[in-house]
Amino acid sequence: MKGSILFVALMYVTAFNQMTAQSYNYDSGGSLSVEQAAYDVTHYALTLQVQPEARSIHGSLTVWARVVSPMKWLVLDLDPSLEVNSVSQPAPGTALEHERQGGKLWIRLATEPSVGEEIAVVVSYGGQPRIAPTPPWDGGFTWARTPDGDHWIATTCQQEGPDVWWPSKDHPSDKPDSMALNVTVPLPLVVASNGRLRDVVANGDGTHTYQWFVSTPISNYNIALNIGPYRTVEETYTSVTGDTFPVSFWVLPGNVEKAERLMPEILDHLRFFEDVAGPYPFRADKYGVVETPHLGMEHQTIIAYGADFDNGAMTGGVDWGFDALHHHELSHEWWGNLVTNVDWSQMWLHEGFGSYMQPLYLERTQGDAAARAYLASMKRRIRNRAPVAPREPKTAKQIYGDDIYFKGAWILHTLRYLIGDDAFMDAVRRMAYPDPAMESITDGRQARFATTDDFLAIAEDISGTDLDWFFEVYVRQPSLPRLITSRNGDVLELNWVVTGELDFSMPVEVRVGDRIHRVEMTGGHGTLAVSADNEIEIDPLDWILMEERT
C-alpha cells in the first residue's frame, strides 16, 4: 500500500472528475485505489431519517478508520444523486474541506495522521436515493405498498454497493468491525435491520427511532433497511455449541400464520447448516428473516425473504419440497457473511457454495434421486462464458452471472466425487472454520476473508491430493473438459480433451453391465477391458462436470 496523491493531481489524471450523476456507474469493487487502500474501516455509525411520502432520506454517517499508510485525504463513495451538506470531525465538530468527484467524496483531513492512528469523520447528507430498477439484482431503494396500502420499503445494493444510499468505502475487502444504525420512521412503521435491537425511542412527533447495533464484522452491501407495518414471530434456537439466540421473522400482518407454519422449517435449515458447516456464526446478535417486496438477499442476520411462502419462487415455479429461497439465503450466513470474498472475482465462494447446499439438503431429507434431479436442473443453466474465479480483480457486475451459482455448485459436486465424501465434507467445514477452536467464538474473530486458493489448499491438505490441475481447468478458464471414448476390439479407450492442453486427470466411472468401474486417467488417458457385447454407460451417476457428450 502506498501513500495518497495530491488533490490537484487527481483533477487531471483520474477518471473520477469526468463522472457525473447522469453517467455514474452503479458497480461495486474492482481495483482498490491507493487512497482507499490507505485506511481500514473499524466502525460506521449511521443516523438516518426515512421519509416515505417524499421518498427521501436525511442524516449522517460517522466513519472511524485506522490509518494503514500515509494519507492526507479520506476518500469515500457516495452516489452523486445524494447531496453532501457538510463534512466535519466529531466533537468539537471542526469543518473539513471536501470535494465531490463523480461518485467519490474526497475529504481533506485537518492534519496528516500517523500510520496506526484512528481517525473519524462525520458526513451529513441526504436527498432522494436511487430507486431500484429491478431489485434485488439491480438495486437501490424500493418504495412499495403492502396489500393494505401501507408503506413497505427495502434496500438492496449487492452489485451497486452501499454508496447508493450511504457514504462508505465501497469495496468487499474492507468490513467494519461493527456498525450502529439509528433509523427514524413515521408510525406505525417498524424498522427491521442487522444485528440486535438495542432500543426503540418514541420521539413525540409521530415517529420512532429504531436503534440497531451489529457487533461483528459485516460487508457494507449487507447493511439493510426493511421498513413496514411488521409483526414478529419469535423463537429461541439452541446452537450445536449450546449457545441460545433469537430467531425472529418480521412479516406483514396478514402473513403471521404463514410465518408460524414456516418457522419449524427455518429452524430445521439452521440445524442442517450447523451440522454441515459449523455453528451459526452470528449467535451474538440474532438470526432474522424479514418479508420484503423483492425476492431475496443475504443481508447478515436479517435475510430478505420475498418468496411469498412459495417453495418454487426461486426455482422457476418448481416445488422441490422445501423453501429453496430461504435455504439459499440462509446459506450465505456461512458462505458470504462468515467467509467473504476478498474481491468480487472470488464471488463463487459465496454463490457456488451457497447453491450446492440445496442439493446436499435434498440428499439428506429426500434422498439421492431428488438431489440429482435438482443438480440436473442447475446444470441446464451453466453458460461457460467466463472463468468462475479469474485471477484479476473484478467488479460485482463483471463477475455476476449464472455460472458463479450453478457451475460453482457443480464444480463442488465434481470435487466431492474426486476426493470422496469424507474429505469433501471435512473440506467444507474447514473452509467455514479453518480451526475448530473458531467455532466457539462469537466476538467477530470467526469472520474472515478468503480466496479460491485458500479452498484449494484446504482440499489438498485434507485429501492428500494435488488439485492444482482440477482448479486450473474448472475455475480459471471457462470451457469444460470434453471426454472422447472409442472401442478398439475388447478395449474401451477414454481421452480427455481440455482447452490449452491443460493437464486433466479426472478418473471416469464406467458402468459395464451391473458393475461400475472407476477408470484412472493418468495424463488424461485411460482404458478398460470390455467385451464386444457389453453395454456401457459413461459417468452413470452424473458426477463429472463436462461438455455434453453426443
# chains A, B, ... in the order shown; residues from 1 in each chain; ligands from 1
>>> residues_around(residues="Lys407 in chain A", least_positions_apart="4", cutoff="9 Å", atoms="only C-alpha atoms", output="NGL selection string")
:A and (348 or 352 or 378-379 or 381-384 or 388 or 402-403 or 411-412 or 474 or 545)
>>> select_by_dssp(residues="range 15-94 of chain A", states="strand (DSSP E or B)", output="JSON, numbers by chain")
{"A": [29, 39, 40, 41, 42, 43, 44, 45, 46, 47, 48, 49, 50, 51, 56, 57, 58, 59, 60, 61, 62, 63, 64, 65, 66, 67, 73, 74, 75, 76, 77, 83, 84, 85, 86, 87, 88]}
>>> residues_around(residues="Asn182 in chain A", least_positions_apart="3", cutoff="6 Å", atoms="only C-alpha atoms", output="PyMOL selection string")
chain A and resi 47+210-211
>>> write_last_selection(atoms="all heavy atoms", output="mmCIF file, in the first residue's frame")
data_model
loop_
_atom_site.group_PDB
_atom_site.id
_atom_site.type_symbol
_atom_site.label_atom_id
_atom_site.label_comp_id
_atom_site.auth_asym_id
_atom_site.auth_seq_id
_atom_site.Cartn_x
_atom_site.Cartn_y
_atom_site.Cartn_z
ATOM 1 N N THR A 47 -26.973 7.435 11.158
ATOM 2 C CA THR A 47 -28.192 8.012 11.721
ATOM 3 C C THR A 47 -29.014 8.553 10.564
ATOM 4 O O THR A 47 -28.534 9.396 9.804
ATOM 5 C CB THR A 47 -27.858 9.139 12.712
ATOM 6 O OG1 THR A 47 -27.104 8.591 13.800
ATOM 7 C CG2 THR A 47 -29.124 9.762 13.262
ATOM 8 N N TYR A 210 -35.441 3.485 15.679
ATOM 9 C CA TYR A 210 -35.001 2.115 15.969
ATOM 10 C C TYR A 210 -33.484 2.102 16.020
ATOM 11 O O TYR A 210 -32.816 2.522 15.075
ATOM 12 C CB TYR A 210 -35.520 1.158 14.899
ATOM 13 C CG TYR A 210 -36.993 0.883 15.027
ATOM 14 C CD1 TYR A 210 -37.944 1.818 14.599
ATOM 15 C CD2 TYR A 210 -37.453 -0.296 15.603
ATOM 16 C CE1 TYR A 210 -39.297 1.590 14.737
ATOM 17 C CE2 TYR A 210 -38.812 -0.539 15.746
ATOM 18 C CZ TYR A 210 -39.723 0.404 15.316
ATOM 19 O OH TYR A 210 -41.066 0.164 15.467
ATOM 20 N N GLN A 211 -32.948 1.626 17.138
ATOM 21 C CA GLN A 211 -31.505 1.630 17.357
ATOM 22 C C GLN A 211 -30.968 0.201 17.264
ATOM 23 O O GLN A 211 -31.129 -0.606 18.186
ATOM 24 C CB GLN A 211 -31.181 2.239 18.730
ATOM 25 C CG GLN A 211 -31.635 3.692 18.857
ATOM 26 C CD GLN A 211 -31.344 4.293 20.213
ATOM 27 O OE1 GLN A 211 -30.956 3.601 21.163
ATOM 28 N NE2 GLN A 211 -31.524 5.604 20.331
#
>>> residues_around(residues="range 160-167 of chain A", least_positions_apart="5", cutoff="10 Å", atoms="only C-alpha atoms", output="count of residues only")
54
>>> residues_around(residues="Arg283 in chain A", least_positions_apart="5", cutoff="8 Å", atoms="only C-alpha atoms", output="list in words")
Asp243, Thr244, Phe245 and Thr442 of chain A
>>> write_last_selection(atoms="C-alpha atoms", output="PDB file, in the first residue's frame")
ATOM      1  CA  ASP A 243     -25.492 -21.117  22.899  1.00  0.00           C
ATOM      2  CA  THR A 244     -29.023 -19.791  22.528  1.00  0.00           C
ATOM      3  CA  PHE A 245     -30.028 -16.899  20.315  1.00  0.00           C
ATOM      4  CA  THR A 442     -18.777 -15.090  18.715  1.00  0.00           C
TER       5      THR A 442
END
>>> select_by_dssp(residues="range 393-508 of chain A", states="helix (DSSP H, G or I)", output="VMD selection string")
chain A and resid 396 to 399 402 to 419 421 to 432 436 to 440 452 to 463 468 to 474 499 to 501
>>> atom_distance(atom1="CA of His413 in chain A", atom2="CA of Ser377 in chain A")
13.8 Å
>>> atom_distance(atom1="CA of Asn85 in chain A", atom2="CA of Gln158 in chain A")
26.1 Å
>>> atom_distance(atom1="CA of Ala450 in chain A", atom2="CA of Asp466 in chain A")
19.9 Å
>>> closest_residue(among="A:Leu528, A:Asp542, A:Leu270, A:Glu260", to="Ala373 in chain A", atoms="only C-alpha atoms")
A:Asp542
>>> closest_residue(among="A:Thr292, A:Asn495, A:Ser215, A:Gln49", to="Ala144 in chain A", atoms="only C-alpha atoms")
A:Thr292
>>> closest_residue(among="A:Val190, A:Ile536, A:Met521, A:Met546", to="Val508 in chain A", atoms="only C-alpha atoms")
A:Met521
>>> residues_around(residues="range 295-299 of chain A", least_positions_apart="3", cutoff="7 Å", atoms="only C-alpha atoms", output="VMD selection string")
chain A and resid 136 222 to 224 302 to 307 329 to 330 332
>>> write_last_selection(atoms="N, CA and C atoms", output="PDB file, in the first residue's frame")
ATOM      1  N   PRO A 136     -33.805  -7.703  -6.387  1.00  0.00           N
ATOM      2  CA  PRO A 136     -32.537  -7.287  -5.783  1.00  0.00           C
ATOM      3  C   PRO A 136     -31.376  -7.205  -6.768  1.00  0.00           C
ATOM      4  N   ASN A 222     -24.308  -5.697   2.885  1.00  0.00           N
ATOM      5  CA  ASN A 222     -25.244  -6.446   3.716  1.00  0.00           C
ATOM      6  C   ASN A 222     -26.038  -5.571   4.667  1.00  0.00           C
ATOM      7  N   ILE A 223     -25.636  -4.311   4.825  1.00  0.00           N
ATOM      8  CA  ILE A 223     -26.409  -3.405   5.664  1.00  0.00           C
ATOM      9  C   ILE A 223     -27.738  -3.133   4.964  1.00  0.00           C
ATOM     10  N   ALA A 224     -28.839  -3.338   5.687  1.00  0.00           N
ATOM     11  CA  ALA A 224     -30.138  -3.270   5.017  1.00  0.00           C
ATOM     12  C   ALA A 224     -31.188  -2.613   5.903  1.00  0.00           C
ATOM     13  N   ILE A 302     -30.340 -10.689   8.908  1.00  0.00           N
ATOM     14  CA  ILE A 302     -31.687 -10.226   8.577  1.00  0.00           C
ATOM     15  C   ILE A 302     -31.955 -10.506   7.099  1.00  0.00           C
ATOM     16  N   ILE A 303     -31.939 -11.788   6.730  1.00  0.00           N
ATOM     17  CA  ILE A 303     -32.061 -12.107   5.314  1.00  0.00           C
ATOM     18  C   ILE A 303     -33.424 -11.660   4.778  1.00  0.00           C
ATOM     19  N   ALA A 304     -33.400 -11.151   3.560  1.00  0.00           N
ATOM     20  CA  ALA A 304     -34.620 -10.688   2.901  1.00  0.00           C
ATOM     21  C   ALA A 304     -35.341 -11.881   2.296  1.00  0.00           C
ATOM     22  N   TYR A 305     -36.640 -11.980   2.598  1.00  0.00           N
ATOM     23  CA  TYR A 305     -37.445 -13.110   2.136  1.00  0.00           C
ATOM     24  C   TYR A 305     -38.658 -12.580   1.387  1.00  0.00           C
ATOM     25  N   GLY A 306     -38.636 -12.732   0.062  1.00  0.00           N
ATOM     26  CA  GLY A 306     -39.749 -12.272  -0.750  1.00  0.00           C
ATOM     27  C   GLY A 306     -40.390 -13.374  -1.561  1.00  0.00           C
ATOM     28  N   ALA A 307     -40.325 -14.609  -1.054  1.00  0.00           N
ATOM     29  CA  ALA A 307     -40.845 -15.763  -1.799  1.00  0.00           C
ATOM     30  C   ALA A 307     -42.350 -15.928  -1.664  1.00  0.00           C
ATOM     31  N   GLU A 329     -30.672 -18.241   0.894  1.00  0.00           N
ATOM     32  CA  GLU A 329     -30.228 -17.007   1.549  1.00  0.00           C
ATOM     33  C   GLU A 329     -29.609 -17.295   2.916  1.00  0.00           C
ATOM     34  N   LEU A 330     -30.147 -18.254   3.647  1.00  0.00           N
ATOM     35  CA  LEU A 330     -29.535 -18.646   4.915  1.00  0.00           C
ATOM     36  C   LEU A 330     -28.125 -19.181   4.696  1.00  0.00           C
ATOM     37  N   HIS A 332     -25.879 -18.131   2.975  1.00  0.00           N
ATOM     38  CA  HIS A 332     -24.906 -17.049   2.895  1.00  0.00           C
ATOM     39  C   HIS A 332     -24.450 -16.550   4.265  1.00  0.00           C
TER      40      HIS A 332
END
>>> residues_around(residues="range 275-282 of chain A", least_positions_apart="3", cutoff="9 Å", atoms="only C-alpha atoms", output="PDB file with C-alpha atoms, in the first residue's frame")
ATOM      1  CA  GLY A 195     -27.632  -7.040  14.470  1.00  0.00           C
ATOM      2  CA  SER A 215     -21.446  -6.446  16.961  1.00  0.00           C
ATOM      3  CA  THR A 216     -19.423  -8.387  14.361  1.00  0.00           C
ATOM      4  CA  SER A 239     -26.984 -23.967  18.677  1.00  0.00           C
ATOM      5  CA  VAL A 240     -24.772 -27.043  18.425  1.00  0.00           C
ATOM      6  CA  THR A 241     -22.427 -25.093  20.710  1.00  0.00           C
ATOM      7  CA  PHE A 245     -30.028 -16.899  20.315  1.00  0.00           C
ATOM      8  CA  LEU A 270     -30.409 -23.802  10.661  1.00  0.00           C
ATOM      9  CA  ARG A 271     -29.689 -27.244  12.110  1.00  0.00           C
ATOM     10  CA  PHE A 272     -28.674 -28.571   8.695  1.00  0.00           C
ATOM     11  CA  ASP A 285     -26.751 -10.960  17.595  1.00  0.00           C
ATOM     12  CA  LYS A 286     -29.616 -12.978  16.105  1.00  0.00           C
ATOM     13  CA  TYR A 287     -30.880 -14.826  13.084  1.00  0.00           C
ATOM     14  CA  GLN A 300     -26.341 -10.519   7.522  1.00  0.00           C
ATOM     15  CA  THR A 301     -28.613 -11.553  10.436  1.00  0.00           C
ATOM     16  CA  GLU A 333     -24.608 -16.573   6.639  1.00  0.00           C
ATOM     17  CA  TRP A 334     -21.716 -19.027   6.209  1.00  0.00           C
ATOM     18  CA  ASN A 337     -21.025 -13.392   5.610  1.00  0.00           C
ATOM     19  CA  LEU A 338     -18.759 -15.649   7.691  1.00  0.00           C
ATOM     20  CA  MET A 357     -26.094 -26.597  -0.084  1.00  0.00           C
ATOM     21  CA  MET A 425     -17.347 -32.639   3.808  1.00  0.00           C
ATOM     22  CA  ASP A 426     -14.305 -32.053   6.014  1.00  0.00           C
ATOM     23  CA  VAL A 428     -16.364 -27.673   3.520  1.00  0.00           C
ATOM     24  CA  ARG A 429     -16.303 -27.487   7.299  1.00  0.00           C
ATOM     25  CA  ARG A 430     -12.685 -26.320   7.321  1.00  0.00           C
ATOM     26  CA  MET A 431     -13.447 -23.676   4.705  1.00  0.00           C
ATOM     27  CA  ALA A 432     -16.054 -22.254   7.072  1.00  0.00           C
ATOM     28  CA  TYR A 433     -13.955 -22.671  10.213  1.00  0.00           C
ATOM     29  CA  PRO A 436     -12.201 -25.915  15.153  1.00  0.00           C
ATOM     30  CA  GLU A 439     -16.413 -22.486  16.206  1.00  0.00           C
ATOM     31  CA  SER A 440     -16.844 -21.350  19.800  1.00  0.00           C
ATOM     32  CA  ILE A 441     -16.003 -17.685  19.076  1.00  0.00           C
ATOM     33  CA  THR A 442     -18.777 -15.090  18.715  1.00  0.00           C
ATOM     34  CA  ASP A 443     -16.916 -11.774  19.038  1.00  0.00           C
ATOM     35  CA  GLY A 444     -16.231 -11.355  15.317  1.00  0.00           C
ATOM     36  CA  GLN A 446     -14.658 -16.049  13.459  1.00  0.00           C
ATOM     37  CA  ALA A 447     -15.330 -13.978  10.322  1.00  0.00           C
TER      38      ALA A 447
END
>>> closest_residue(among="A:Pro92, A:Leu349, A:Asp319, A:Val473", to="Asp454 in chain A", atoms="only C-alpha atoms")
A:Leu349
>>> closest_residue(among="A:Pro293, A:Glu97, A:Ser355, A:Gly288", to="Pro135 in chain A", atoms="only C-alpha atoms")
A:Pro293
>>> closest_residue(among="A:Trp73, A:Tyr361, A:Trp410, A:Tyr356", to="His98 in chain A", atoms="only C-alpha atoms")
A:Trp73
